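The next block is protein-v1.txt, given as compact mmCIF, C-alpha atoms and all ligand atoms.
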```txt
# COMPACT_ATOMS: atom_id res chain seq x y z
CA MET A 1 35.86 25.36 19.48
CA SER A 2 38.60 25.54 22.12
CA ALA A 3 37.86 26.73 25.66
CA ARG A 4 37.56 30.50 26.03
CA ILE A 5 38.01 32.52 29.20
CA VAL A 6 35.46 35.34 29.41
CA SER A 7 34.95 38.13 31.94
CA ILE A 8 31.67 38.73 33.69
CA LEU A 9 30.50 42.24 32.82
CA HIS A 10 27.33 42.35 34.88
CA THR A 11 25.14 40.15 37.08
CA GLU A 12 21.63 40.54 38.47
CA TYR A 13 18.91 38.38 39.97
CA VAL A 14 15.83 38.04 37.73
CA THR A 15 13.91 35.88 40.25
CA PRO A 16 14.79 35.07 43.89
CA ASP A 17 17.02 32.17 42.77
CA VAL A 18 17.84 32.86 39.12
CA LYS A 19 20.84 34.98 38.23
CA ARG A 20 21.54 36.60 34.86
CA PHE A 21 25.15 36.90 33.71
CA THR A 22 26.25 39.28 30.98
CA LEU A 23 29.58 38.15 29.57
CA GLU A 24 32.08 39.53 27.15
CA ARG A 25 31.91 37.82 23.78
CA PRO A 26 35.13 36.40 22.35
CA PRO A 27 35.71 37.37 18.71
CA GLY A 28 34.32 34.80 16.29
CA TYR A 29 32.29 33.05 18.96
CA THR A 30 29.10 31.66 17.40
CA PHE A 31 26.02 29.74 18.51
CA VAL A 32 22.53 29.04 17.21
CA PRO A 33 19.57 30.17 19.39
CA GLY A 34 18.70 27.27 21.69
CA GLN A 35 22.24 25.97 21.96
CA ALA A 36 24.13 25.55 25.22
CA THR A 37 27.75 25.46 26.30
CA ASP A 38 29.64 23.71 29.04
CA VAL A 39 30.73 26.32 31.57
CA SER A 40 33.23 26.23 34.41
CA ILE A 41 34.48 28.89 36.82
CA ASN A 42 38.00 30.25 36.37
CA LYS A 43 38.98 29.86 40.02
CA PRO A 44 41.34 27.32 41.61
CA GLY A 45 39.60 23.96 42.01
CA TRP A 46 36.61 24.86 39.82
CA GLU A 47 38.12 24.97 36.31
CA GLN A 48 37.34 21.31 35.64
CA GLN A 49 33.78 21.36 37.02
CA LEU A 50 31.83 21.70 33.77
CA ARG A 51 28.05 22.33 33.74
CA PRO A 52 25.79 23.02 30.74
CA PHE A 53 23.99 26.37 30.39
CA THR A 54 22.12 27.89 27.47
CA PHE A 55 22.88 31.18 25.72
CA THR A 56 19.83 33.40 26.08
CA GLY A 57 21.05 36.44 24.13
CA LEU A 58 20.76 37.10 20.42
CA PRO A 59 23.27 35.24 18.24
CA GLU A 60 24.68 38.50 16.87
CA ALA A 61 24.68 40.49 20.15
CA LYS A 62 27.88 42.16 21.34
CA ARG A 63 27.67 40.36 24.70
CA LEU A 64 26.79 36.82 25.73
CA GLU A 65 24.04 36.19 28.27
CA LEU A 66 23.36 33.23 30.56
CA ILE A 67 20.38 32.87 32.89
CA ILE A 68 21.17 30.43 35.66
CA LYS A 69 19.11 28.89 38.42
CA ILE A 70 21.13 28.75 41.63
CA TYR A 71 20.91 25.66 43.83
CA GLU A 72 21.97 27.09 47.20
CA LYS A 73 21.23 23.92 49.14
CA HIS A 74 24.00 21.79 47.68
CA ASP A 75 27.64 22.39 47.08
CA GLY A 76 27.63 22.44 43.29
CA VAL A 77 28.77 24.86 40.61
CA THR A 78 25.65 27.05 40.72
CA LYS A 79 26.23 27.78 44.42
CA GLN A 80 29.67 29.11 43.42
CA LEU A 81 28.16 31.02 40.48
CA ALA A 82 25.96 32.83 43.01
CA LEU A 83 29.14 34.30 44.56
CA LEU A 84 30.59 35.64 41.30
CA ARG A 85 30.60 39.32 40.41
CA THR A 86 31.69 41.71 37.69
CA GLY A 87 35.31 41.05 36.80
CA ASP A 88 35.29 37.35 37.75
CA GLU A 89 35.81 34.91 34.89
CA LEU A 90 34.06 31.90 33.41
CA ILE A 91 35.46 29.30 31.02
CA LEU A 92 33.24 28.45 28.05
CA HIS A 93 33.82 25.00 26.56
CA GLU A 94 32.05 23.13 23.74
CA VAL A 95 28.84 24.60 22.23
CA PHE A 96 26.16 21.97 21.67
CA GLY A 97 22.41 21.38 21.73
CA ALA A 98 19.49 19.76 19.97
CA ILE A 99 16.90 22.43 20.62
CA THR A 100 16.79 24.67 17.58
CA TYR A 101 13.86 26.28 15.82
CA LYS A 102 12.19 24.09 13.18
CA GLY A 103 9.05 26.16 12.54
CA PRO A 104 6.02 27.59 14.34
CA GLY A 105 4.67 25.63 17.26
CA TYR A 106 4.20 25.25 20.96
CA PHE A 107 7.04 25.80 23.42
CA ILE A 108 6.47 24.01 26.73
CA ALA A 109 8.93 24.69 29.57
CA GLY A 110 9.34 23.75 33.20
CA GLY A 111 11.16 26.33 35.34
CA ALA A 112 14.66 27.21 34.12
CA GLY A 113 13.95 25.00 31.08
CA VAL A 114 12.67 28.18 29.47
CA THR A 115 16.22 29.39 28.67
CA PRO A 116 16.60 27.89 25.16
CA PHE A 117 13.14 29.22 24.33
CA ILE A 118 14.11 32.72 25.47
CA ALA A 119 16.95 32.63 22.95
CA ILE A 120 14.75 31.29 20.15
CA LEU A 121 11.80 33.60 20.81
CA ARG A 122 13.99 36.70 21.11
CA ASP A 123 15.63 35.80 17.81
CA LEU A 124 12.27 35.22 16.08
CA HIS A 125 11.04 38.56 17.40
CA GLU A 126 14.16 40.28 16.06
CA ARG A 127 13.52 38.72 12.64
CA LYS A 128 9.75 39.49 12.85
CA LYS A 129 8.90 35.80 12.66
CA LEU A 130 7.33 35.25 16.07
CA ARG A 131 3.81 34.77 14.75
CA GLY A 132 2.30 31.33 15.20
CA ASN A 133 4.30 30.47 18.33
CA THR A 134 2.99 29.95 21.85
CA LEU A 135 4.93 29.57 25.10
CA LEU A 136 3.41 27.50 27.90
CA LEU A 137 5.37 27.77 31.13
CA SER A 138 5.10 25.81 34.34
CA ASN A 139 6.59 27.32 37.49
CA ARG A 140 6.14 26.85 41.20
CA THR A 141 4.86 30.37 41.81
CA SER A 142 4.48 33.62 39.86
CA ASP A 143 7.67 34.93 41.54
CA ASP A 144 9.63 32.20 39.76
CA VAL A 145 8.76 33.26 36.23
CA ILE A 146 11.95 34.26 34.39
CA LEU A 147 11.65 37.48 32.31
CA ASP A 148 7.88 37.59 32.81
CA GLU A 149 7.58 41.17 31.59
CA GLU A 150 9.65 40.70 28.45
CA LEU A 151 7.94 37.45 27.47
CA THR A 152 4.52 39.01 28.03
CA LYS A 153 5.53 41.90 25.79
CA LEU A 154 6.82 39.55 23.09
CA LEU A 155 3.99 37.04 23.07
CA GLY A 156 0.94 38.74 24.59
CA LYS A 157 -1.90 36.23 24.86
CA HIS A 158 0.37 33.54 23.43
CA PHE A 159 2.29 33.46 26.71
CA LEU A 160 0.54 31.02 29.07
CA LYS A 161 1.56 30.25 32.64
CA VAL A 162 0.59 27.61 35.14
CA PHE A 163 1.75 27.52 38.75
CA THR A 164 2.18 24.30 40.67
CA ARG A 165 2.22 26.10 44.01
CA GLN A 166 0.85 29.45 44.94
CA ASN A 167 0.08 30.94 48.30
CA VAL A 168 -2.87 32.94 47.13
CA ILE A 169 -6.37 32.29 48.46
CA GLY A 170 -8.65 31.14 45.69
CA PHE A 171 -5.76 30.05 43.47
CA HIS A 172 -5.96 26.53 42.10
CA GLU A 173 -2.72 24.62 41.85
CA ARG A 174 -2.26 23.32 38.36
CA ARG A 175 0.10 21.06 36.50
CA ILE A 176 0.40 20.61 32.77
CA ASP A 177 -1.75 17.52 32.35
CA ARG A 178 -3.71 15.92 29.53
CA ASP A 179 -6.84 18.00 30.11
CA LEU A 180 -4.90 21.26 30.07
CA LEU A 181 -3.14 20.34 26.82
CA VAL A 182 -6.42 19.35 25.16
CA THR A 183 -7.96 22.67 26.17
CA LEU A 184 -5.02 24.87 25.22
CA VAL A 185 -3.39 23.24 22.24
CA GLN A 186 -6.23 21.89 20.08
CA ASP A 187 -3.99 21.34 17.03
CA PHE A 188 -1.50 18.55 17.68
CA ASP A 189 -0.16 18.58 14.14
CA GLN A 190 2.54 21.20 14.80
CA HIS A 191 6.00 21.42 16.31
CA PHE A 192 6.36 20.99 20.07
CA TYR A 193 9.47 22.19 21.85
CA VAL A 194 9.82 20.74 25.33
CA CYS A 195 12.46 21.63 27.94
CA GLY A 196 12.82 21.25 31.70
CA PRO A 197 13.77 18.58 34.23
CA ASP A 198 14.03 15.06 32.70
CA ASP A 199 10.78 13.81 34.24
CA PHE A 200 8.97 16.95 33.03
CA VAL A 201 10.20 16.40 29.45
CA SER A 202 9.34 12.70 29.36
CA GLY A 203 5.95 13.33 30.98
CA ILE A 204 4.97 16.08 28.53
CA ASN A 205 6.30 14.18 25.52
CA GLY A 206 4.24 11.15 26.56
CA LEU A 207 1.09 13.25 26.85
CA LEU A 208 1.70 14.93 23.48
CA LEU A 209 2.26 11.63 21.69
CA GLY A 210 -0.88 10.23 23.32
CA LEU A 211 -2.82 13.21 21.96
CA GLY A 212 -1.65 12.66 18.39
CA ALA A 213 1.58 14.67 18.11
CA ARG A 214 4.09 13.04 15.78
CA SER A 215 7.38 11.98 17.38
CA GLU A 216 9.35 13.75 14.60
CA SER A 217 7.58 17.00 15.58
CA LEU A 218 8.86 16.87 19.17
CA VAL A 219 12.02 18.92 19.75
CA PHE A 220 13.84 18.36 23.03
CA GLU A 221 17.30 17.67 24.46
CA GLN A 222 17.88 13.89 24.34
C1 LIG B 1 21.76 21.25 27.62
C2 LIG B 1 21.45 21.86 28.97
C3 LIG B 1 21.27 23.23 29.07
C4 LIG B 1 21.00 23.82 30.33
N1 LIG B 1 20.81 25.17 30.40
C5 LIG B 1 20.52 25.75 31.59
C6 LIG B 1 20.31 27.16 31.70
O1 LIG B 1 20.37 27.90 30.72
N2 LIG B 1 20.02 27.66 32.93
C7 LIG B 1 19.94 26.88 34.05
O2 LIG B 1 19.67 27.40 35.13
N3 LIG B 1 20.15 25.54 33.98
C8 LIG B 1 20.45 24.97 32.78
N4 LIG B 1 20.68 23.62 32.73
C9 LIG B 1 20.70 22.84 34.01
C10 LIG B 1 22.06 23.06 34.70
O3 LIG B 1 23.06 22.48 33.90
C11 LIG B 1 22.07 22.45 36.12
O4 LIG B 1 21.15 23.10 36.92
C12 LIG B 1 23.47 22.62 36.70
O5 LIG B 1 24.35 21.75 36.04
C13 LIG B 1 23.49 22.34 38.18
O6 LIG B 1 24.83 22.40 38.59
P1 LIG B 1 25.26 22.27 40.10
O7 LIG B 1 26.71 21.93 40.11
O8 LIG B 1 24.84 23.45 40.89
O9 LIG B 1 24.37 21.08 40.57
P2 LIG B 1 24.78 19.54 40.58
O10 LIG B 1 25.49 19.26 41.85
O11 LIG B 1 25.40 19.16 39.30
O12 LIG B 1 23.32 18.92 40.67
C14 LIG B 1 22.56 18.75 39.49
C15 LIG B 1 21.10 18.57 39.85
O13 LIG B 1 20.90 17.59 40.85
C16 LIG B 1 20.03 18.03 41.86
N5 LIG B 1 20.72 17.89 43.16
C17 LIG B 1 21.96 17.39 43.34
N6 LIG B 1 22.27 17.38 44.63
C18 LIG B 1 21.24 17.88 45.31
C19 LIG B 1 20.98 18.15 46.68
N7 LIG B 1 21.86 17.87 47.63
N8 LIG B 1 19.79 18.69 47.01
C20 LIG B 1 18.89 18.97 46.06
N9 LIG B 1 19.09 18.73 44.76
C21 LIG B 1 20.24 18.20 44.37
C22 LIG B 1 19.63 19.41 41.52
O14 LIG B 1 18.26 19.37 41.11
C23 LIG B 1 20.50 19.83 40.35
O15 LIG B 1 19.74 20.35 39.28
C24 LIG B 1 20.93 23.01 31.49
C25 LIG B 1 21.12 21.62 31.38
C26 LIG B 1 21.37 21.05 30.14
C27 LIG B 1 21.56 19.56 30.04
```
Target format structure tokens, applied to this file:
Amino acid sequence: MSARIVSILHTEYVTPDVKRFTLERPPGYTFVPGQATDVSINKPGWEQQLRPFTFTGLPEAKRLELIIKIYEKHDGVTKQLALLRTGDELILHEVFGAITYKGPGYFIAGGAGVTPFIAILRDLHERKKLRGNTLLLSNRTSDDVILDEELTKLLGKHFLKVFTRQNVIGFHERRIDRDLLVTLVQDFDQHFYVCGPDDFVSGINGLLLGLGARSESLVFEQ
């Protein structure tokens, strides 16, 4: 697919540092839930700075949606994305991605790594096929959870959250470790979808394999 220039129709912050972009959808533009695209900003000097982001909207929706974590502290593309508003333009390049739905299982995400799972879970909900799926999310604090309300509504008790840092008295910091997986997952003969920072993905995959998950049942971006 050749590069497409699209207008930003709407932006809003969904957590203190995560911004949602609603974009116009070019005719004939297709993607599979879980797939990403390389994006650049249609402003002088930024057109060639490509960064990957995942479509979070439904594949047949009238608009495209991206949910993007902004890194304010360094001078990258996301810092520029923070400045964009309705009417500014993005350039969408190649669509790609290995994370697609293969069947019911466990979705394990670190931070903004939840974006491909938002797309997949919304799509399953739309097709009434959400049953049998669980989302386990690791975030720094409860304020960092992306679309908390919607995911809670979709998944109910199958939406599990752990927080690595929390300034609440009596709260225990928790990481996704072997003990937690043993307690929560129980059945390791199912699909596991893992997404987040590289060290998060390799750490979780290692734990899952050690607990009996089959490598062909692990779905993640290589
Ligand atoms: C297939 C795929 C899909 C993705 N989908 C999404 C998505 O839907 N939403 C989303 O938010 N992200 C997504 N990402 C991650 C996203 O691409 C990166 O966060 C983005 O490229 C960062 O761009 P940047 O120019 O702001 O940062 P860059 O300058 O490119 O830096 C990249 C990373 O390096 C680190 N870093 C670099 N310099 C510094 C510094 N000075 N201080 C601290 N940290 C630093 C940051 O952790 C940052 O994530 C996806 C990544 C991949 C591979």
When you look at region 36-48 of chain A with a cut-off of 6 Å (counting only C-alpha atoms), what residues show up, excluding the ones that are within fewer than 2 positions of it in the same chain? I need them as a PyMOL selection string. chain A and resi 50-55+89-97
Within 9 Å of ligand LIG 1 (chain B) (counting only C-alpha atoms and all ligand atoms), which residues show up? I'd like them as a PyMOL selection string. chain A and resi 18-19+34-39+49-56+66-81+96-99+111-116+196-197+221-222
Calculated over only C-alpha atoms, which of the candidates A:Arg122, A:Arg63, A:Arg85, A:Arg175 has the smallest distance to Phe163 (chain A)?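 Closest candidate: A:Arg175.
Here the question is which of A:Glu60, A:Asp177, A:Glu126, A:Glu12 gets nearest to Gly206 (chain A) using only C-alpha atoms, and that residue is A:Asp177.
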With all atoms listed in the file as the basis for distance, which of A:Arg20, A:Arg4, A:Arg131, A:Arg140 is at the shortest distance from Gly156 (chain A)?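 Using all atoms listed in the file, the shortest distance to Gly156 (chain A) belongs to A:Arg131.
Reported to one decimal place, the separation of CA of Val185 (chain A) from CA of Lys157 (chain A) is 13.3 Å.
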Answer as a ChimeraX atom specification, residues within 12 Å of (5.9, 37.3, 32.4) using all atoms listed in the file: /A:14-15,114,118,135-139,141-162
A straight line from CA of Leu209 (chain A) to CA of Phe192 (chain A) spans 10.3 Å
Can you tell me how far CA of Thr86 (chain A) sits from CA of Ser7 (chain A), in Å to one decimal? 7.5 Å
Any idea what's packed within 7 Å of region 101-105 of chain A, counting all atoms listed in the file, ignoring anything in its chain fewer than 3 positions away? Could you give it as an MDAnalysis selection string? chainID A and resid 120 132:134 190:192
Counting all atoms listed in the file, which of A:Tyr106, A:Thr164, A:Val32, A:Gly203 gets nearest to Leu184 (chain A)?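 The answer is A:Tyr106, which sits nearest to Leu184 (chain A).
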Need the axis-aligned box for region 5-10 of chain A with 4 Å each side, so what are the centre and edges in Å to one decimal, as AutoDock Vina command-line options?
```
--center_x 32.7 --center_y 37.4 --center_z 32.0 --size_x 18.7 --size_y 17.8 --size_z 13.7
```
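Candidate residues A:Ala82, A:Val182, A:Leu9, A:Leu64 were compared for distance to Pro26 (chain A), and the nearest is A:Leu64, using only C-alpha atoms.
Each of A:Ile108, A:Lys129, A:Leu181, A:His10 was checked against Phe200 (chain A) using only C-alpha atoms; the smallest atom-to-atom distance is that of A:Ile108.
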Can you complete the atoms of region 13-28 of chain A to N, CA and C atoms and list them as a CSV table (one decimal), in the frame of the given file?
```csv
chain,number,residue,atom,x,y,z
A,13,TYR,N,19.9,39.4,39.7
A,13,TYR,CA,18.9,38.4,40.0
A,13,TYR,C,17.6,38.8,39.2
A,14,VAL,N,17.1,37.8,38.4
A,14,VAL,CA,15.8,38.0,37.7
A,14,VAL,C,14.6,37.4,38.4
A,15,THR,N,14.9,36.4,39.3
A,15,THR,CA,13.9,35.9,40.2
A,15,THR,C,14.7,35.7,41.5
A,16,PRO,N,14.0,35.2,42.6
A,16,PRO,CA,14.8,35.1,43.9
A,16,PRO,C,16.0,34.1,43.8
A,17,ASP,N,15.9,33.1,42.9
A,17,ASP,CA,17.0,32.2,42.8
A,17,ASP,C,17.5,32.0,41.3
A,18,VAL,N,17.3,32.9,40.5
A,18,VAL,CA,17.8,32.9,39.1
A,18,VAL,C,18.7,34.1,38.8
A,19,LYS,N,19.9,33.9,38.4
A,19,LYS,CA,20.8,35.0,38.2
A,19,LYS,C,21.2,35.1,36.7
A,20,ARG,N,21.2,36.3,36.3
A,20,ARG,CA,21.5,36.6,34.9
A,20,ARG,C,23.0,37.1,34.8
A,21,PHE,N,23.8,36.5,33.9
A,21,PHE,CA,25.2,36.9,33.7
A,21,PHE,C,25.3,37.5,32.3
A,22,THR,N,25.9,38.7,32.3
A,22,THR,CA,26.2,39.3,31.0
A,22,THR,C,27.8,39.1,30.9
A,23,LEU,N,28.2,38.5,29.7
A,23,LEU,CA,29.6,38.2,29.6
A,23,LEU,C,30.2,38.8,28.3
A,24,GLU,N,31.5,39.0,28.4
A,24,GLU,CA,32.1,39.5,27.2
A,24,GLU,C,32.0,38.4,26.1
A,25,ARG,N,32.0,38.8,24.8
A,25,ARG,CA,31.9,37.8,23.8
A,25,ARG,C,33.2,37.7,23.0
A,26,PRO,N,33.8,36.5,23.1
A,26,PRO,CA,35.1,36.4,22.4
A,26,PRO,C,34.9,36.6,20.9
A,27,PRO,N,35.9,37.2,20.1
A,27,PRO,CA,35.7,37.4,18.7
A,27,PRO,C,35.5,36.0,18.0
A,28,GLY,N,34.6,36.0,17.1
A,28,GLY,CA,34.3,34.8,16.3
A,28,GLY,C,33.5,33.7,17.0
```
